[in-house]
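Comments concern the structure below.
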Amino acid sequence: MLQLSIIKEDPQQVIDLLRIKNFDARELVEEIISIDKHRRETQKKLDEGLAEANNIAREIGVMFKEGRGREAEALKQRSAVLKKETQELGTVLEEAVAALEEKLVMLPNLPHPSVPAGKGAEDNELAESGDFTVDLTEGALPHWDLAKKYDIIDFDLGAKVTGAGFPFYKGKGARLQRALINFFLDEAIGAGYVEYQPPLFVNEDSAFGTGQLPDKDGQMYLIGEDRLYAIPTAEVPVTNIYRDMILRREDLPVRNVAYSSCFRREAGSYGKDVRGLNRLHQFDKVEIVHISHPDRSYDALEDMRRYVTTLLVKLGLPYRVLKLCGGDLSFTSALTYDFEVYSAAQQRWLEVSSVSNFEAFQSNRMKLRFRDEDGKTRLAHTLNGSALALPRIVAALLENNQNSRGIAIPEALRSYTGFDLIS
RNA sequence: GGAGAGAUGGCCGAGUGGUCUAAGGCGCACGCCUGGAGAGCGUGUAUGCGCCAAAAGCGCAUCAUGGGUUCGAAUCCCAUUCUCUCCGCCA
């Protein structure tokens with residue numbers, strides 16, 4: 001949620017910046033400013049009414065104490081009128097606050113000035129390209145065929161037991177999953193991250209805090225009976241740890257890592273994008289979350305980018321890094337790097353990680369603050385990134401490492417898998 | 001799931017209808033004292049919103065959350081959430 005103060009200070013700049021995200025904010029900005037004016041006027045009237053009522057109550061107290069209880073009648077009547085007025089004003093204020101928030105949450109985060117303009121994926125800027133040549137093996141198979149050939153992932157079984165997009169991993173496939181999770185966690189811990197194992201379900205406040213609600217309602221699985229949401233990413237619980245908190249300066253930066261299963265309904269997806277491991281309803285991911293001083297959040301973003309790069313290098317995967325253009329940037333993000341690995345057999349790039357700086361957008365919703373040197377509270381900046389998401393890494397490993405004998409396990413993973421070949 | 005007890009500031013903890021503008025203590029910050037430190041003494045120490053160009057200041061709200069009773073609620077009533085104890089169930 002954008003800070004009201006930013007909108008009020010320079011509405012035109014907000015409109016101009018959101019245009020980079022292909023978002024026409026003119027109407028919303030105008031409405032927000034006018035609702036806010038109404039809100040403040042109402043608050044002022046209400047406060048005055050309450051102040052008078054407080055004074056009357058105090059006076060009546062004094063009268064009773066001095067045995068002049070009968071004189072209080074007139075004041076009681078005035079108080080009754082005030083009560084009615086303040087109750088009405090309270091309702092008006094509540095409605096104004098709700099209306100304001102309803103409009104505010106509709107505005108996407110402002111893009112960082114360096115974000116290139118553009119409509120979609122084709123306009124993303126190549127930030128970095130790994131130093132790899134991709135050799136297309138003759139007769140290379142896509143991972144869904146390899147999964148079947150080596151009997152390591154069973155999509156049909158998942159469909160039988162649960163539904164499409166809920167595969168079983170089996171034998172060396174299951175072991176590979178476990179190896180990757182441990183590898184990613186150990187790497188993160190080695191880089192100084194603190195490991196968390198979060199709940200897989202969150203309440204409504206948490207889903208709102210990181211921006212899944214109201215924008216992505218319908219993309220999450222909801223346990224209706226208990227009003228809990230299955231997490232679409234560990235970002236949600238791990239960032240919400242800090243909801244409604246004022247951190248001390250020395251608590252920053254926060255650098256957390258968490259492994260979790262992730263659950264996504266993926267309503268509206270179709271075609272080649274959902275084949276095999278490309279898009280699942282349940283998948284595993286190791287997520288890194290930073291909470292940073294606003295002055296240093298872009299340094300943190302670059303740190304995260306370097307860190308994710310080292311993982312891909314260690315796994316020997318052909319990768320590239322894209323800086324997302326305005327049109328491809330998510331609702332909540334100010335700047336995002338996407339990491340893609342090349343899938344030789346599918347002959348396409350697969351997104352395996354997305355590293356973003358949300359600046360104060362999530363913090364403002366969550367009331368995540370810290371105390372600055374001057375003693376004032378300020379909103380912290382939040383960032384997160386996948387490090388990494390398993391399915392597409394597995395897909396890329398299977399496809400890129402296949403040879404006549406089987407699928408070679410990268411050196412870095414062998415101590416985790418306990419085998420060096422899937423055959 | 002059943003029964004009971006509870007939730008007060010950064011922390012502990014007092015507070016059963018009006019002066020609560022929340023006692024007291026701890027912690028923290030600053031000052032005095034000291035050769036220095038400690039002890040001691042003094043002062044200060046929440047968050048959000050509004051008024052104000054801003055600061056100062058003032059007002060409003062907040063004693064788990066949401067309602068209610070009352071001229072007036074931390075205090076009384078109702079609901080919810082969470083914590084603890086006992087019982088039941090259970091990996």
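Chain lettering (A, B, ...) mirrors the order of the structure tokens, residue numbering begins at 1 for each chain separately, and ligand numbering begins at 1 in order of display.
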
Residues of chain A that approach chain B to 6 Å or less, counting only C-alpha atoms (C1' of nucleotides): could you list each one with the shortest pair of atoms and its distance in Å to one decimal, rows by chain and increasing residue number, as a Markdown table?
| residue | atom | partner | partner_atom | distance |
| --- | --- | --- | --- | --- |
| A:Lys44 | CA | B:G50 | C1' | 5.8 |
| A:Asp47 | CA | B:C60 | C1' | 4.8 |
| A:Ala57 | CA | B:G72 | C1' | 5.1 |
| A:Gly61 | CA | B:G18 | C1' | 5.0 |
| A:Lys76 | CA | B:C71 | C1' | 4.7 |

Can I get the selected residues back with N, CA and C atoms, as a PDB file, in the first residue's frame?
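Contents of the output file result.pdb:
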ATOM      1  N   LYS A  44     -11.704  15.924  12.684  1.00  0.00           N
ATOM      2  CA  LYS A  44     -11.611  17.147  13.475  1.00  0.00           C
ATOM      3  C   LYS A  44     -12.910  17.388  14.234  1.00  0.00           C
ATOM      4  N   ASP A  47     -13.337  14.781  17.019  1.00  0.00           N
ATOM      5  CA  ASP A  47     -12.453  15.013  18.158  1.00  0.00           C
ATOM      6  C   ASP A  47     -12.977  16.142  19.031  1.00  0.00           C
ATOM      7  N   ALA A  57     -18.314  15.074  31.284  1.00  0.00           N
ATOM      8  CA  ALA A  57     -18.254  13.929  32.200  1.00  0.00           C
ATOM      9  C   ALA A  57     -17.421  14.275  33.421  1.00  0.00           C
ATOM     10  N   GLY A  61     -18.694  14.566  37.353  1.00  0.00           N
ATOM     11  CA  GLY A  61     -17.981  13.858  38.417  1.00  0.00           C
ATOM     12  C   GLY A  61     -17.745  14.767  39.605  1.00  0.00           C
ATOM     13  N   LYS A  76     -26.147  16.369  31.558  1.00  0.00           N
ATOM     14  CA  LYS A  76     -26.413  15.022  31.053  1.00  0.00           C
ATOM     15  C   LYS A  76     -27.142  15.084  29.713  1.00  0.00           C
TER      16      LYS A  76
END

Would you mind listing what lies within 12 Å of C78 in chain B as a short mmCIF file (atom, residue, chain, number, x, y, z; two decimals) with N, CA and C atoms (P, O5', C5', C4', C3', O3' and C1' of nucleotides), in the first residue's frame, with only C-alpha atoms (C1' of nucleotides) counted and same-chain residues fewer than 5 positions away left out?
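And here is the file that came out, result.cif:
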data_model
loop_
_atom_site.label_atom_id
_atom_site.label_comp_id
_atom_site.auth_asym_id
_atom_site.auth_seq_id
_atom_site.Cartn_x
_atom_site.Cartn_y
_atom_site.Cartn_z
P G B 66 -10.51 -2.94 18.45
"O5'" G B 66 -11.98 -3.54 18.24
"C5'" G B 66 -12.34 -4.07 16.99
"C4'" G B 66 -13.70 -4.69 17.07
"C3'" G B 66 -14.78 -3.83 17.71
"O3'" G B 66 -15.26 -2.84 16.81
"C1'" G B 66 -14.94 -6.00 18.57
P G B 67 -16.19 -1.65 17.40
"O5'" G B 67 -17.54 -2.45 17.69
"C5'" G B 67 -18.52 -1.84 18.45
"C4'" G B 67 -19.56 -2.88 18.82
"C3'" G B 67 -20.47 -2.41 19.94
"O3'" G B 67 -21.51 -1.59 19.44
"C1'" G B 67 -19.63 -4.52 20.49
P G B 68 -21.76 -0.18 20.20
"O5'" G B 68 -22.42 -0.67 21.57
"C5'" G B 68 -23.63 -1.41 21.53
"C4'" G B 68 -23.90 -2.04 22.86
"C3'" G B 68 -24.14 -1.09 24.02
"O3'" G B 68 -25.43 -0.51 23.97
"C1'" G B 68 -22.78 -2.87 24.73
P U B 69 -25.69 0.91 24.63
"O5'" U B 69 -25.60 0.60 26.18
"C5'" U B 69 -26.59 -0.18 26.81
"C4'" U B 69 -26.29 -0.30 28.29
"C3'" U B 69 -26.12 1.03 29.01
"O3'" U B 69 -27.38 1.60 29.36
"C1'" U B 69 -24.37 -0.44 29.64
#

For each of A:Asp420, A:Arg392, A:Arg275, A:Leu301, take the minimum atom-to-atom distance to Asp145 in chain A, counting only C-alpha atoms, then give the residue where this is smallest.
->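 The closest residue to Asp145 in chain A is A:Arg275.
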
When DSSP works through the backbone of this structure, what residues of range 73-265 of chain A end up as strand (DSSP E or B), shown as a PyMOL selection string?
-> chain A and resi 125-129+153-154+168-169+194-196+201-202+222-223+228-230+245-247+254-263

Polymer residues at most 8 Å from Leu75 in chain A, only C-alpha atoms (C1' of nucleotides), same-chain spacing of 4 or more positions, as an NGL selection string | (:A and (56 or 60 or 71 or 79)) or (:B and (71))

CA of Cys325 in chain A to CA of Ser260 in chain A: how many Å, to one decimal?
->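 Separation between CA of Cys325 in chain A and CA of Ser260 in chain A: 28.8 Å.
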
Considering only C-alpha atoms, state which residue in the set A:Ala380, A:Leu421, A:Leu322, A:Val238 is at the smallest distance from Pro294 in chain A.
->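 Of the candidates, the smallest distance to Pro294 in chain A is held by A:Ala380.
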
Neighbours of Lys367 in chain A within 12 Å (only C-alpha atoms (C1' of nucleotides); same-chain residues fewer than 6 positions away dropped), as a PyMOL selection string?
-> (chain A and resi 1+3+205-206+208-210+239-247+360-361+377-382) or (chain B and resi 47-48)

Filtering to C-alpha atoms (C1' of nucleotides), could you give me those residues as a short mmCIF file (atom, residue, chain, number, x, y, z; two decimals), in the first residue's frame?
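Listing of result04.cif after writing:
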data_model
loop_
_atom_site.label_atom_id
_atom_site.label_comp_id
_atom_site.auth_asym_id
_atom_site.auth_seq_id
_atom_site.Cartn_x
_atom_site.Cartn_y
_atom_site.Cartn_z
CA MET A 1 0.00 0.00 0.00
CA GLN A 3 1.90 5.90 1.71
CA ASP A 205 -4.13 -10.32 8.38
CA SER A 206 -0.95 -11.98 7.18
CA PHE A 208 -3.14 -8.90 3.58
CA GLY A 209 0.18 -7.81 5.04
CA THR A 210 2.33 -9.09 2.20
CA THR A 239 7.69 -11.41 6.44
CA ASN A 240 4.61 -11.26 8.65
CA ILE A 241 6.75 -12.18 11.64
CA TYR A 242 7.47 -8.46 11.71
CA ARG A 243 3.91 -7.22 11.23
CA ASP A 244 2.98 -4.49 13.72
CA MET A 245 6.50 -4.26 15.02
CA ILE A 246 8.92 -1.47 15.67
CA LEU A 247 12.39 -2.89 15.21
CA ALA A 360 7.87 0.42 2.04
CA PHE A 361 4.89 -0.99 0.16
CA THR A 377 9.75 5.60 13.67
CA ARG A 378 10.08 4.92 9.95
CA LEU A 379 8.79 2.22 7.67
CA ALA A 380 11.42 -0.39 6.90
CA HIS A 381 11.96 -1.81 3.44
CA THR A 382 11.16 -5.44 2.68
"C1'" U B 47 1.73 4.25 19.31
"C1'" G B 48 -1.68 6.17 15.74
#

Neighbour list for G9 in chain B as a list in words, cut-off 12 Å, only C-alpha atoms (C1' of nucleotides), skip fewer than 2 positions in-chain =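 The residues that qualify are C11, C12, G13, A22, U45, A46, U47, U62 and C63 of chain B.
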
Output of the above residues as a tab-separated table (two decimals), in the first residue's frame, restricted to N, CA and C atoms (P, O5', C5', C4', C3', O3' and C1' of nucleotides):
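Listed below is the output, part_13.tsv:
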chain	number	residue	atom	x	y	z
B	11	C	P	6.38	-5.44	26.74
B	11	C	O5'	7.16	-6.00	28.00
B	11	C	C5'	8.12	-7.05	27.85
B	11	C	C4'	8.84	-7.25	29.16
B	11	C	C3'	7.93	-7.44	30.37
B	11	C	O3'	7.48	-8.77	30.48
B	11	C	C1'	9.59	-5.86	30.88
B	12	C	P	6.06	-9.05	31.18
B	12	C	O5'	6.33	-8.75	32.71
B	12	C	C5'	7.08	-9.66	33.51
B	12	C	C4'	7.30	-9.08	34.88
B	12	C	C3'	6.06	-8.85	35.72
B	12	C	O3'	5.60	-10.04	36.33
B	12	C	C1'	7.46	-6.97	35.90
B	13	G	P	4.04	-10.26	36.60
B	13	G	O5'	3.60	-8.98	37.45
B	13	G	C5'	3.89	-8.89	38.84
B	13	G	C4'	3.54	-7.50	39.34
B	13	G	C3'	2.05	-7.17	39.34
B	13	G	O3'	1.43	-7.64	40.52
B	13	G	C1'	3.25	-5.38	38.35
B	22	A	P	-1.27	8.65	32.82
B	22	A	O5'	-2.34	7.78	33.66
B	22	A	C5'	-2.35	7.80	35.07
B	22	A	C4'	-2.19	6.40	35.61
B	22	A	C3'	-0.79	5.79	35.46
B	22	A	O3'	0.02	6.20	36.53
B	22	A	C1'	-2.42	4.23	34.76
B	45	U	P	8.16	11.99	29.23
B	45	U	O5'	8.74	10.63	28.66
B	45	U	C5'	9.38	10.59	27.39
B	45	U	C4'	10.04	9.24	27.20
B	45	U	C3'	9.07	8.06	27.24
B	45	U	O3'	8.51	7.84	25.96
B	45	U	C1'	11.02	7.59	28.53
B	46	A	P	7.02	8.26	25.72
B	46	A	O5'	6.72	7.30	24.48
B	46	A	C5'	7.51	6.15	24.29
B	46	A	C4'	6.66	5.03	23.75
B	46	A	C3'	5.91	5.38	22.48
B	46	A	O3'	6.74	5.19	21.36
B	46	A	C1'	4.43	4.37	24.01
B	47	U	P	6.63	6.18	20.14
B	47	U	O5'	5.32	5.63	19.42
B	47	U	C5'	5.31	4.30	18.91
B	47	U	C4'	3.91	3.92	18.50
B	47	U	C3'	3.20	4.92	17.60
B	47	U	O3'	3.62	4.80	16.25
B	47	U	C1'	1.73	4.25	19.31
B	62	U	P	-10.50	4.71	23.64
B	62	U	O5'	-9.20	3.79	23.52
B	62	U	C5'	-9.19	2.70	22.62
B	62	U	C4'	-7.78	2.20	22.43
B	62	U	C3'	-7.05	1.77	23.69
B	62	U	O3'	-7.45	0.47	24.09
B	62	U	C1'	-5.61	3.05	22.34
B	63	C	P	-7.89	0.24	25.64
B	63	C	O5'	-6.48	-0.01	26.32
B	63	C	C5'	-5.58	-1.03	25.86
B	63	C	C4'	-5.08	-1.84	27.03
B	63	C	C3'	-6.13	-2.73	27.67
B	63	C	O3'	-5.58	-3.99	27.96
B	63	C	C1'	-5.23	-1.25	29.28

Contacts of Glu95 in chain A at 12 Å (only C-alpha atoms (C1' of nucleotides); same-chain gap of 2+ positions) as a PyMOL selection string | chain A and resi 35-36+38-39+42-43+88-93+97-102

Can you list every residue in range 218-352 of chain A that DSSP puts in helix (DSSP H, G or I), as a count of residues only?
-> 37
